[in-house]
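Chemist: Structure file input22.txt (compact mmCIF, C-alpha atoms (C1' of nucleotides)) is given on the next line.
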# COMPACT_ATOMS: atom_id res chain seq x y z
CA MET H 161 3.50 30.05 -11.63
CA ALA H 162 4.21 29.00 -8.08
CA ASP H 163 6.48 32.00 -7.56
CA SER H 164 7.33 31.38 -3.95
CA GLY H 165 10.45 33.45 -3.87
CA SER H 166 11.46 37.08 -3.84
CA GLY H 167 9.30 38.11 -6.74
CA SER H 168 8.61 41.74 -7.54
CA GLY H 169 5.86 43.58 -5.70
CA SER H 170 3.27 40.84 -6.16
CA PRO H 171 1.09 39.46 -3.36
CA ALA H 172 3.90 37.47 -1.76
CA PRO H 173 3.22 37.96 1.96
CA ARG H 174 6.64 36.71 3.04
CA LYS H 175 6.28 33.75 5.33
CA ARG H 176 7.36 33.61 8.91
CA ALA H 177 11.00 32.85 9.63
CA ASP H 178 10.38 29.49 11.29
CA ALA H 179 8.21 28.46 8.37
CA ARG H 180 10.92 29.23 5.86
CA ARG H 181 13.47 27.44 7.99
CA ASN H 182 11.28 24.39 8.27
CA GLU H 183 10.62 24.28 4.58
CA GLN H 184 14.33 24.17 3.92
CA THR H 185 14.93 21.55 6.58
CA LEU H 186 12.15 19.49 5.12
CA LEU H 187 13.61 19.59 1.65
CA GLU H 188 16.90 18.30 2.95
CA ALA H 189 15.26 15.64 5.09
CA ALA H 190 13.10 14.54 2.19
CA ALA H 191 16.06 14.34 -0.16
CA ALA H 192 17.87 12.16 2.34
CA ALA H 193 14.81 9.97 2.90
CA PHE H 194 14.28 9.60 -0.84
CA VAL H 195 17.81 8.37 -1.27
CA ALA H 196 17.43 5.96 1.60
CA SER H 197 13.94 4.61 0.96
CA GLY H 198 12.81 5.88 -2.41
CA VAL H 199 10.34 8.60 -3.23
CA ASP H 200 7.62 6.93 -1.23
CA ALA H 201 9.44 7.02 2.04
CA PRO H 202 6.90 7.16 4.88
CA VAL H 203 5.78 10.65 5.77
CA ARG H 204 6.58 10.00 9.40
CA ASP H 205 10.15 9.13 8.52
CA ILE H 206 10.64 12.37 6.70
CA ALA H 207 9.06 14.29 9.54
CA THR H 208 11.29 12.59 12.07
CA ARG H 209 14.40 13.25 10.03
CA ALA H 210 13.47 16.90 9.85
CA GLY H 211 12.51 17.02 13.51
CA VAL H 212 9.03 18.33 12.78
CA GLY H 213 5.49 17.00 13.08
CA VAL H 214 3.75 15.37 10.14
CA ALA H 215 1.28 18.21 9.82
CA THR H 216 4.14 20.55 9.00
CA ILE H 217 4.93 18.50 5.94
CA TYR H 218 1.36 18.67 4.70
CA ARG H 219 1.25 22.38 5.37
CA HIS H 220 4.27 23.03 3.18
CA PHE H 221 3.71 20.28 0.62
CA PRO H 222 0.06 19.34 0.37
CA THR H 223 0.69 16.29 -1.75
CA ARG H 224 3.64 14.00 -1.99
CA ALA H 225 4.11 15.12 -5.55
CA ASP H 226 4.74 18.68 -4.39
CA LEU H 227 7.51 17.48 -2.16
CA VAL H 228 9.09 15.35 -4.84
CA VAL H 229 8.88 18.14 -7.36
CA ALA H 230 10.46 20.57 -4.93
CA VAL H 231 13.31 18.20 -4.23
CA TYR H 232 14.08 17.48 -7.87
CA ARG H 233 13.10 20.77 -9.48
CA HIS H 234 16.69 21.83 -10.18
CA GLN H 235 17.52 18.63 -11.95
CA VAL H 236 14.38 18.64 -14.01
CA GLU H 237 15.11 22.19 -15.06
CA ALA H 238 18.64 21.25 -16.00
CA CYS H 239 17.33 18.42 -18.11
CA ALA H 240 14.83 20.68 -19.80
CA GLU H 241 17.46 23.29 -20.56
CA ALA H 242 19.84 20.73 -21.96
CA GLY H 243 17.45 20.00 -24.82
CA PRO H 244 17.90 23.10 -26.98
CA GLU H 245 21.57 23.13 -26.11
CA LEU H 246 22.11 19.59 -27.37
CA LEU H 247 20.20 20.42 -30.50
CA ALA H 248 22.49 23.38 -31.17
CA ASN H 249 25.73 21.55 -30.46
CA ASN H 250 25.21 18.37 -32.41
CA GLU H 251 25.46 17.77 -36.10
CA SER H 252 22.63 15.31 -36.16
CA ALA H 253 19.29 15.91 -34.49
CA HIS H 254 19.08 12.21 -33.86
CA THR H 255 22.27 12.31 -31.86
CA ALA H 256 20.90 15.19 -29.84
CA LEU H 257 17.74 13.23 -29.18
CA VAL H 258 19.66 10.16 -28.07
CA ARG H 259 21.84 12.21 -25.77
CA TRP H 260 18.89 13.96 -24.26
CA ILE H 261 17.06 10.73 -23.62
CA ASP H 262 20.27 9.55 -21.99
CA LEU H 263 20.10 12.44 -19.56
CA PHE H 264 16.46 11.73 -18.88
CA VAL H 265 17.14 8.06 -18.24
CA ASP H 266 20.10 8.85 -16.00
CA PHE H 267 17.93 11.10 -13.94
CA LEU H 268 15.17 8.53 -13.58
CA VAL H 269 17.41 5.60 -12.85
CA THR H 270 19.37 7.33 -10.14
CA LYS H 271 16.30 8.42 -8.20
CA HIS H 272 15.11 5.36 -6.40
CA GLY H 273 11.47 4.75 -7.19
CA LEU H 274 10.95 7.83 -9.32
CA ALA H 275 10.12 5.99 -12.52
CA GLU H 276 7.67 3.83 -10.63
CA ALA H 277 6.05 6.84 -9.03
CA LEU H 278 5.71 8.57 -12.36
CA GLN H 279 3.53 5.78 -13.67
CA SER H 280 1.80 4.87 -10.45
CA ASP H 281 -1.91 5.47 -10.46
CA ASN H 282 -1.59 6.75 -6.94
CA ALA H 283 -3.41 10.07 -6.78
CA ALA H 284 -0.63 11.52 -4.64
CA PHE H 285 1.67 11.36 -7.64
CA ALA H 286 -0.70 12.76 -10.24
CA THR H 287 0.74 16.26 -10.26
CA LEU H 288 4.24 14.83 -10.39
CA HIS H 289 3.38 13.19 -13.66
CA ALA H 290 1.81 16.42 -14.82
CA TYR H 291 4.88 18.44 -13.92
CA PHE H 292 7.22 16.14 -15.79
CA ILE H 293 5.03 16.19 -18.84
CA GLU H 294 4.51 19.90 -18.75
CA ARG H 295 8.15 20.75 -18.33
CA LEU H 296 9.86 18.09 -20.40
CA MET H 297 7.42 17.12 -23.10
CA PRO H 298 7.88 20.33 -25.12
CA VAL H 299 11.63 19.80 -25.04
CA CYS H 300 11.28 16.23 -26.18
CA ALA H 301 8.81 17.30 -28.85
CA GLU H 302 11.28 19.80 -30.23
CA LEU H 303 14.02 17.20 -30.46
CA LEU H 304 11.66 14.73 -32.08
CA ALA H 305 10.47 17.28 -34.58
CA ALA H 306 14.02 18.21 -35.53
CA ALA H 307 15.02 14.61 -36.04
CA ALA H 308 11.88 13.89 -37.99
CA ALA H 309 12.42 16.95 -40.19
CA ALA H 310 15.93 15.69 -40.91
CA GLY H 311 14.41 12.39 -42.01
CA GLU H 312 16.32 10.52 -39.34
CA ILE H 313 13.38 9.00 -37.48
CA ARG H 314 9.81 7.95 -38.05
CA PRO H 315 7.66 11.05 -37.99
CA ASP H 316 4.63 9.34 -36.47
CA ILE H 317 5.64 9.34 -32.84
CA GLU H 318 4.39 11.64 -30.13
CA ALA H 319 6.66 13.12 -27.49
CA LEU H 320 4.36 12.07 -24.69
CA GLU H 321 4.26 8.53 -25.86
CA LEU H 322 8.02 8.31 -26.12
CA MET H 323 8.53 9.82 -22.69
CA VAL H 324 6.05 7.53 -21.02
CA GLY H 325 7.59 4.57 -22.79
CA VAL H 326 11.10 5.52 -21.77
CA GLY H 327 9.92 6.21 -18.24
CA ASN H 328 8.33 2.79 -18.11
CA LEU H 329 11.45 1.08 -19.33
CA CYS H 330 13.34 2.64 -16.44
CA ILE H 331 11.17 0.95 -13.86
CA GLY H 332 13.04 -1.62 -11.86
CA ALA H 333 16.34 -0.50 -13.35
CA ASN H 334 18.21 -1.11 -10.12
CA LYS H 335 16.38 -4.19 -9.01
CA ASP H 336 17.48 -6.96 -11.29
CA LEU H 337 21.06 -6.93 -12.46
CA ARG H 338 20.02 -8.84 -15.55
CA TYR H 339 17.73 -6.05 -16.69
CA ASP H 340 19.51 -3.09 -18.24
CA ALA H 341 17.08 -0.24 -18.73
CA ARG H 342 19.54 1.74 -20.81
CA ARG H 343 19.85 -1.06 -23.31
CA MET H 344 16.10 -1.30 -23.66
CA VAL H 345 15.79 2.43 -24.22
CA GLU H 346 18.53 2.16 -26.80
CA LEU H 347 16.49 -0.54 -28.52
CA LEU H 348 13.39 1.61 -28.47
CA LEU H 349 15.27 4.48 -30.04
CA ALA H 350 16.72 2.14 -32.63
CA GLY H 351 13.18 1.15 -33.52
CA LEU H 352 12.45 4.80 -34.11
CA ARG H 353 15.22 5.20 -36.58
CA LEU H 354 14.74 5.38 -40.33
CA HIS H 355 17.99 3.67 -41.29
CA MET I 288 4.19 -29.81 -9.44
CA ALA I 289 1.49 -28.55 -7.09
CA ASP I 290 -0.62 -31.57 -7.88
CA SER I 291 -3.56 -30.75 -5.67
CA GLY I 292 -5.97 -33.07 -7.40
CA SER I 293 -6.53 -36.77 -7.73
CA GLY I 294 -2.93 -37.78 -8.18
CA SER I 295 -1.85 -41.35 -7.83
CA GLY I 296 -0.89 -42.73 -4.44
CA SER I 297 1.45 -39.90 -3.50
CA PRO I 298 1.30 -38.05 -0.17
CA ALA I 299 -1.80 -36.07 -1.16
CA PRO I 300 -3.92 -36.22 2.00
CA ARG I 301 -7.05 -35.06 0.20
CA LYS I 302 -8.37 -31.94 1.81
CA ARG I 303 -11.69 -31.62 3.50
CA ALA I 304 -14.74 -31.02 1.36
CA ASP I 305 -15.47 -27.54 2.69
CA ALA I 306 -11.86 -26.55 2.12
CA ARG I 307 -11.97 -27.60 -1.52
CA ARG I 308 -15.28 -25.81 -1.97
CA ASN I 309 -13.91 -22.63 -0.42
CA GLU I 310 -10.81 -22.70 -2.56
CA GLN I 311 -12.97 -22.81 -5.65
CA THR I 312 -15.26 -20.06 -4.41
CA LEU I 313 -12.23 -17.95 -3.60
CA LEU I 314 -10.80 -18.32 -7.07
CA GLU I 315 -14.05 -17.10 -8.57
CA ALA I 316 -14.36 -14.24 -6.11
CA ALA I 317 -10.78 -13.21 -6.71
CA ALA I 318 -11.21 -13.28 -10.46
CA ALA I 319 -14.22 -11.02 -10.14
CA ALA I 320 -12.44 -8.68 -7.75
CA PHE I 321 -9.42 -8.49 -10.03
CA VAL I 322 -11.60 -7.45 -12.91
CA ALA I 323 -13.34 -4.86 -10.80
CA SER I 324 -10.41 -3.41 -8.87
CA GLY I 325 -7.23 -4.81 -10.35
CA VAL I 326 -4.93 -7.46 -8.99
CA ASP I 327 -4.40 -5.59 -5.76
CA ALA I 328 -8.01 -5.55 -4.76
CA PRO I 329 -8.25 -5.40 -0.96
CA VAL I 330 -8.12 -8.80 0.71
CA ARG I 331 -11.24 -7.97 2.67
CA ASP I 332 -13.14 -7.32 -0.54
CA ILE I 333 -12.23 -10.69 -1.95
CA ALA I 334 -13.15 -12.37 1.31
CA THR I 335 -16.51 -10.63 1.37
CA ARG I 336 -17.26 -11.53 -2.22
CA ALA I 337 -16.50 -15.15 -1.43
CA GLY I 338 -18.44 -15.01 1.81
CA VAL I 339 -15.48 -16.21 3.87
CA GLY I 340 -13.20 -14.72 6.50
CA VAL I 341 -9.87 -13.18 5.59
CA ALA I 342 -7.90 -15.91 7.30
CA THR I 343 -9.36 -18.40 4.87
CA ILE I 344 -7.71 -16.58 2.01
CA TYR I 345 -4.34 -16.68 3.71
CA ARG I 346 -4.77 -20.32 4.51
CA HIS I 347 -5.34 -21.23 0.88
CA PHE I 348 -3.10 -18.63 -0.73
CA PRO I 349 -0.33 -17.55 1.63
CA THR I 350 0.76 -14.66 -0.55
CA ARG I 351 -1.13 -12.52 -2.97
CA ALA I 352 1.04 -13.87 -5.73
CA ASP I 353 -0.26 -17.37 -5.11
CA LEU I 354 -3.79 -16.16 -5.60
CA VAL I 355 -2.98 -14.25 -8.74
CA VAL I 356 -1.08 -17.17 -10.18
CA ALA I 357 -3.94 -19.53 -9.40
CA VAL I 358 -6.43 -17.24 -11.10
CA TYR I 359 -4.39 -16.75 -14.26
CA ARG I 360 -2.61 -20.07 -14.48
CA HIS I 361 -4.68 -21.30 -17.42
CA GLN I 362 -3.98 -18.24 -19.48
CA VAL I 363 -0.30 -18.25 -18.73
CA GLU I 364 -0.14 -21.89 -19.74
CA ALA I 365 -1.96 -21.12 -22.96
CA CYS I 366 0.51 -18.37 -23.71
CA ALA I 367 3.43 -20.64 -22.99
CA GLU I 368 2.07 -23.38 -25.21
CA ALA I 369 1.41 -20.97 -28.05
CA GLY I 370 5.13 -20.34 -28.43
CA PRO I 371 6.29 -23.57 -30.07
CA GLU I 372 3.08 -23.67 -32.05
CA LEU I 373 3.66 -20.23 -33.55
CA LEU I 374 7.19 -21.19 -34.35
CA ALA I 375 5.99 -24.25 -36.25
CA ASN I 376 3.25 -22.48 -38.15
CA ASN I 377 5.05 -19.40 -39.35
CA GLU I 378 7.50 -19.03 -42.19
CA SER I 379 9.60 -16.48 -40.38
CA ALA I 380 10.76 -16.88 -36.82
CA HIS I 381 10.56 -13.17 -36.46
CA THR I 382 6.87 -13.24 -37.30
CA ALA I 383 6.35 -15.95 -34.72
CA LEU I 384 8.16 -13.84 -32.15
CA VAL I 385 6.07 -10.78 -32.92
CA ARG I 386 2.85 -12.75 -32.70
CA TRP I 387 3.84 -14.34 -29.45
CA ILE I 388 4.75 -11.00 -27.91
CA ASP I 389 1.35 -9.84 -29.13
CA LEU I 390 -0.30 -12.57 -27.10
CA PHE I 391 1.79 -11.68 -24.11
CA VAL I 392 0.93 -8.01 -24.36
CA ASP I 393 -2.75 -8.76 -24.83
CA PHE I 394 -2.73 -10.82 -21.71
CA LEU I 395 -0.99 -8.13 -19.69
CA VAL I 396 -3.05 -5.17 -20.78
CA THR I 397 -6.37 -6.89 -20.29
CA LYS I 398 -5.61 -7.78 -16.67
CA HIS I 399 -5.98 -4.58 -14.79
CA GLY I 400 -2.83 -3.88 -12.81
CA LEU I 401 -1.02 -7.06 -13.73
CA ALA I 402 1.85 -5.39 -15.52
CA GLU I 403 2.28 -3.02 -12.61
CA ALA I 404 2.24 -5.87 -10.13
CA LEU I 405 4.82 -7.79 -12.12
CA GLN I 406 7.33 -5.01 -11.67
CA SER I 407 6.28 -3.84 -8.26
CA ASP I 408 8.91 -4.32 -5.60
CA ASN I 409 6.17 -5.38 -3.25
CA ALA I 410 7.29 -8.60 -1.62
CA ALA I 411 3.78 -10.02 -1.98
CA PHE I 412 4.28 -10.15 -5.73
CA ALA I 413 7.78 -11.60 -5.81
CA THR I 414 6.73 -15.15 -6.59
CA LEU I 415 4.35 -13.87 -9.26
CA HIS I 416 7.31 -12.39 -11.06
CA ALA I 417 9.18 -15.63 -10.55
CA TYR I 418 6.34 -17.71 -11.95
CA PHE I 419 6.04 -15.62 -15.08
CA ILE I 420 9.73 -15.76 -15.69
CA GLU I 421 9.97 -19.44 -15.00
CA ARG I 422 7.09 -20.39 -17.23
CA LEU I 423 7.41 -17.93 -20.07
CA MET I 424 11.07 -17.05 -20.32
CA PRO I 425 12.10 -20.39 -21.85
CA VAL I 426 9.42 -19.97 -24.48
CA CYS I 427 10.55 -16.47 -25.26
CA ALA I 428 14.14 -17.61 -25.32
CA GLU I 429 13.32 -20.26 -27.88
CA LEU I 430 11.61 -17.77 -30.16
CA LEU I 431 14.47 -15.35 -29.79
CA ALA I 432 17.03 -18.00 -30.55
CA ALA I 433 15.18 -19.08 -33.68
CA ALA I 434 14.89 -15.55 -34.95
CA ALA I 435 18.52 -14.86 -34.15
CA ALA I 436 19.61 -18.05 -35.88
CA ALA I 437 17.69 -16.96 -38.97
CA GLY I 438 19.61 -13.71 -38.88
CA GLU I 439 16.41 -11.73 -38.47
CA ILE I 440 17.19 -10.00 -35.18
CA ARG I 441 20.14 -8.89 -33.14
CA PRO I 442 21.56 -11.91 -31.38
CA ASP I 443 22.64 -10.04 -28.27
CA ILE I 444 19.39 -9.84 -26.42
CA GLU I 445 18.29 -11.92 -23.47
CA ALA I 446 14.78 -13.29 -23.13
CA LEU I 447 14.45 -12.02 -19.60
CA GLU I 448 15.42 -8.55 -20.59
CA LEU I 449 12.95 -8.47 -23.44
CA MET I 450 10.13 -9.77 -21.30
CA VAL I 451 10.75 -7.32 -18.51
CA GLY I 452 10.99 -4.51 -21.04
CA VAL I 453 7.76 -5.49 -22.75
CA GLY I 454 6.07 -5.93 -19.40
CA ASN I 455 7.20 -2.47 -18.39
CA LEU I 456 5.89 -0.92 -21.56
CA CYS I 457 2.48 -2.37 -20.78
CA ILE I 458 2.23 -0.46 -17.55
CA GLY I 459 -0.45 2.19 -17.64
CA ALA I 460 -1.74 0.87 -20.93
CA ASN I 461 -5.33 1.63 -20.05
CA LYS I 462 -4.74 4.85 -18.17
CA ASP I 463 -3.80 7.45 -20.71
CA LEU I 464 -5.51 7.27 -24.08
CA ARG I 465 -2.54 9.00 -25.61
CA TYR I 466 -0.20 6.20 -24.62
CA ASP I 467 -0.43 3.11 -26.76
CA ALA I 468 1.54 0.28 -25.21
CA ARG I 469 1.22 -1.89 -28.28
CA ARG I 470 2.85 0.73 -30.44
CA MET I 471 5.76 1.05 -28.05
CA VAL I 472 6.27 -2.68 -27.99
CA GLU I 473 6.19 -2.67 -31.76
CA LEU I 474 8.89 -0.03 -31.71
CA LEU I 475 10.99 -2.07 -29.32
CA LEU I 476 10.71 -5.10 -31.58
CA ALA I 477 11.58 -2.96 -34.58
CA GLY I 478 14.72 -1.93 -32.75
CA LEU I 479 15.56 -5.59 -32.40
CA ARG I 480 15.35 -6.22 -36.10
CA LEU I 481 18.33 -6.59 -38.37
CA HIS I 482 16.78 -4.87 -41.39
C1' DG E 161 5.43 44.10 26.25
C1' DG E 162 1.18 42.51 24.34
C1' DG E 163 -2.00 40.66 21.10
C1' DC E 164 -3.04 38.03 17.10
C1' DA E 165 -2.67 35.16 13.44
C1' DA E 166 0.57 31.99 11.38
C1' DA E 167 2.69 27.86 12.27
C1' DC E 168 3.38 23.91 14.92
C1' DG E 169 2.96 19.00 16.91
C1' DG E 170 1.08 14.92 17.71
C1' DA E 171 -3.06 12.46 18.82
C1' DG E 172 -6.53 10.43 16.18
C1' DC E 173 -9.12 8.57 12.23
C1' DA E 174 -9.22 5.66 8.02
C1' DT E 175 -7.58 1.99 5.16
C1' DG E 176 -5.35 -2.15 4.19
C1' DG E 177 -2.22 -6.20 5.13
C1' DT E 178 -1.42 -10.00 8.39
C1' DT E 179 -1.91 -12.87 12.58
C1' DC E 180 -4.09 -15.11 16.62
C1' DC E 181 -7.25 -17.79 18.91
C1' DG E 182 -11.70 -19.53 20.31
C1' DT E 183 -15.27 -22.11 17.86
C1' DC E 184 -17.28 -25.25 14.57
C1' DA E 185 -18.00 -29.11 11.89
C1' DA E 186 -16.11 -32.87 8.54
C1' DC E 187 -14.60 -37.31 8.69
C1' DG E 188 -12.93 -41.73 10.24
C1' DA E 189 -13.56 -45.16 13.93
C1' DC E 190 -16.56 -47.73 16.34
C1' DG M 157 -25.78 -43.21 14.55
C1' DT M 158 -22.51 -41.27 17.94
C1' DC M 159 -18.11 -39.57 19.29
C1' DG M 160 -13.54 -37.63 19.39
C1' DT M 161 -9.99 -35.63 16.77
C1' DT M 162 -8.36 -32.17 14.30
C1' DG M 163 -8.61 -29.49 9.98
C1' DA M 164 -10.73 -25.44 8.81
C1' DC M 165 -13.13 -21.39 9.84
C1' DG M 166 -14.26 -16.32 11.08
C1' DG M 167 -13.44 -12.12 12.63
C1' DA M 168 -11.41 -9.43 16.23
C1' DA M 169 -7.05 -7.47 16.86
C1' DC M 170 -2.55 -5.71 15.62
C1' DC M 171 0.58 -3.04 12.80
C1' DA M 172 1.90 0.25 9.23
C1' DT M 173 0.89 4.27 6.73
C1' DG M 174 -1.59 8.31 4.78
C1' DC M 175 -4.04 12.29 6.19
C1' DT M 176 -6.73 15.66 9.37
C1' DC M 177 -8.12 18.17 13.50
C1' DC M 178 -7.43 21.03 17.23
C1' DG M 179 -5.25 22.85 21.28
C1' DT M 180 -0.77 25.13 21.95
C1' DT M 181 3.24 27.84 20.80
C1' DT M 182 5.70 31.52 18.83
C1' DG M 183 7.20 35.03 15.36
C1' DC M 184 5.97 39.52 14.07
C1' DC M 185 4.17 44.13 14.26
C1' DC M 186 2.50 47.82 16.85
Please, can you express the file's structure as structure tokens?

Modeler:
Amino acid sequence: MADSGSGSGSPAPRKRADARRNEQTLLEAAAAAFVASGVDAPVRDIATRAGVGVATIYRHFPTRADLVVAVYRHQVEACAEAGPELLANNESAHTALVRWIDLFVDFLVTKHGLAEALQSDNAAFATLHAYFIERLMPVCAELLAAAAAAGEIRPDIEALELMVGVGNLCIGANKDLRYDARRMVELLLAGLRLH
Amino acid sequence: MADSGSGSGSPAPRKRADARRNEQTLLEAAAAAFVASGVDAPVRDIATRAGVGVATIYRHFPTRADLVVAVYRHQVEACAEAGPELLANNESAHTALVRWIDLFVDFLVTKHGLAEALQSDNAAFATLHAYFIERLMPVCAELLAAAAAAGEIRPDIEALELMVGVGNLCIGANKDLRYDARRMVELLLAGLRLH
DNA sequence: GGGCAAACGGAGCATGGTTCCGTCAACGAC
DNA sequence: GTCGTTGACGGAACCATGCTCCGTTTGCCC
């Protein structure tokens, strides 16, 4: 869904040139603003960076989540696609799982405020949460199932639960030097293990 | 510290009667508001509940953290005091640790929004974080040290890290029925264990 | 070139935190 | 009991931020 590109002959009424240009500009401006101030950078800031009015943002990206998703879509896709690949290229399913979670954590930790936003009860981020779950949970579930089938981990854990837990552990990863999110995730995964 | 009562002859210039009354009223109003709307209930709401002006809140509790700490101080104290007690009354230090973390988690998940606030980068909550760490970290550290000394858990884990991790896992505990914070914490503790 | 609808921009509204200042009343002195 | 001092009060006002509305502009097609 959301085929906003050069699809086949479907009802895609090709937007005006300025609109397409602005959308692109906005994506770049948003990416820059996210790096500078986190994913909840003020709308006005993003608009200013892009040299457009605030309404233009809302026209292209009705909710903040839409904007965030658009900015990070490539990376989420990459993460999703890495799942089956890791499973195929590793002896142990558990190793594949660990490596995949590593990717996931890396992604979250390097995007200022993303982990926080994912768990925020702010309505503006609801569909962001949904997108992550929808796209990544099946991948995670597959890895979990493989590892469980190999008898390497406890079989009684849901993909959603693990992802939310890992996401939570990534919150504040760059705030306090004494807190190492990666270590905590490692611990969580160790707790999963059937030695 | 913060001896705002009938201390000895120290520089405690005994506040005016109406001020003391208001402070008490505010604490009750805040507690109610926190239950109803979480720890970031609008200041105006709390003021209205207490029947006072907003400035009165700021006069008594300069930052939101001060208010939250005042409301939950008793329970935090109780949690802190339970540490040594659990250690004394349990055969295994690991059991004591698990039980204590249980108390901690219970506290966090039953206070709507507390776990979130603890990790929020909102400046208004900074001293809340500090208070929790200051009061509870030593207790946690003691439990950890005992369990480590008994060879029951990995010795390479800091109290602060564990507490932040556990706190993080409690975020969103009451939001998604499919996410069980307690289970995740259990997993984390299992990962700590030296089987 | 002209008309029309898409797209735009920014003023404006709502919400929520925080401060400022004129008023009120508690309390100690007498 | 009265009075003056000053601690405490209340709420209007200010600022930041999300979101919408509407008059204006401009790309596109004929």

Chemist: For I:Ala328, find every residue with an atom within 9 Å (counting only C-alpha atoms (C1' of nucleotides)), except residues of its own chain fewer than 6 positions away, and show them as a list in words.

Modeler: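 Counting only the stated atoms, we get Ala317, Ala320 and Phe321 of chain I.
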
Chemist: Could those residues be written to a file, using C-alpha atoms, as a JSON list (two decimals), in the frame of the given file?

Modeler:
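Now in again12.json:
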[["chain", "number", "residue", "atom", "x", "y", "z"],
["I", 317, "ALA", "CA", -10.78, -13.21, -6.71],
["I", 320, "ALA", "CA", -12.44, -8.68, -7.75],
["I", 321, "PHE", "CA", -9.42, -8.49, -10.03]]

Chemist: In terms of the shortest atom-to-atom distance over all atoms listed in the file, which of H:Glu302, H:Glu188, H:Glu294, H:Asp226 is closest to H:Glu245?

Modeler: H:Glu302

Chemist: So how many Å separate atom CA of H:Val236 and atom CA of H:Ala191, to one decimal?

Modeler: 14.6 Å

Chemist: What are the nearest atom pairs, with distances in Å to one decimal, for all residues of chain E that come at most 12 Å from chain H, using only C-alpha atoms (C1' of nucleotides), set out by chain and rising residue number as a tab-separated table?

Modeler:
residue	atom	partner	partner_atom	distance
E:DA165	C1'	H:Arg176	CA	11.1
E:DA166	C1'	H:Arg176	CA	7.4
E:DA167	C1'	H:Ala179	CA	6.8
E:DC168	C1'	H:Thr216	CA	6.8
E:DG169	C1'	H:Gly213	CA	5.0
E:DG170	C1'	H:Gly213	CA	6.7
E:DA171	C1'	H:Gly213	CA	11.3

Chemist: Using only C-alpha atoms (C1' of nucleotides), determine which residues lie at most 12 Å from stretch 160-168 of chain M, disregarding the query and same-chain residues fewer than 5 positions distant; provide the list as number ranges by chain.

Modeler: I: 300-310, 331, 334-335, 338-347; E: 179-190

Chemist: Using only C-alpha atoms (C1' of nucleotides), select each residue of chain M with any atom at most 10 Å away from an atom of chain H, and give the selection as a PyMOL selection string.

Modeler: chain M and resi 172-176+182-184

Chemist: Write a file of the just-selected residues containing C-alpha atoms (C1' of nucleotides), as a PDB file, in the coordinates of the input.

Modeler:
ATOM      1  C1'  DA M 172       1.900   0.250   9.230  1.00  0.00           C
ATOM      2  C1'  DT M 173       0.890   4.270   6.730  1.00  0.00           C
ATOM      3  C1'  DG M 174      -1.590   8.310   4.780  1.00  0.00           C
ATOM      4  C1'  DC M 175      -4.040  12.290   6.190  1.00  0.00           C
ATOM      5  C1'  DT M 176      -6.730  15.660   9.370  1.00  0.00           C
ATOM      6  C1'  DT M 182       5.700  31.520  18.830  1.00  0.00           C
ATOM      7  C1'  DG M 183       7.200  35.030  15.360  1.00  0.00           C
ATOM      8  C1'  DC M 184       5.970  39.520  14.070  1.00  0.00           C
TER       9       DC M 184
END

Chemist: Please determine, counting only C-alpha atoms, which residue among H:Pro222, H:Gly198, H:Pro298, H:Gly325 has the shortest atom-to-atom distance to chain I.

Modeler: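 Checking each of H:Pro222, H:Gly198, H:Pro298, H:Gly325 against chain I, counting only C-alpha atoms, the winner is H:Gly325.
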
Chemist: Would you mind listing, as a list in words, all residues of chain I that have at least one atom within 8 Å of chain H, where all atoms listed in the file are what counts?

Modeler: Gln406, Ser407, Asp408, Leu447, Glu448, Leu449, Val451, Gly452, Asn455, Leu456, Ile458, Gly459, Arg465, Tyr466, Asp467, Ala468, Met471, Leu474, Leu475, Leu476, Ala477, Gly478 and Leu479 of chain I

Chemist: Expressed in Å to a single decimal, how great is the separation between atom CA of H:Phe264 and atom CA of H:Met297?

Modeler: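 Pair atom CA of H:Phe264 / atom CA of H:Met297 returns 11.3 Å.
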
Chemist: Work out how far atom CA of I:Ala319 is from atom CA of I:Leu401, in Å to one decimal.

Modeler: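 Interatomic distance here is 14.2 Å.
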
Chemist: Between H:His254, H:Phe267, H:Ile261, H:Phe221, which has the minimum distance to H:Arg314 (counting all atoms listed in the file)?

Modeler: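 Checking each candidate against H:Arg314, we get H:His254 as the closest.
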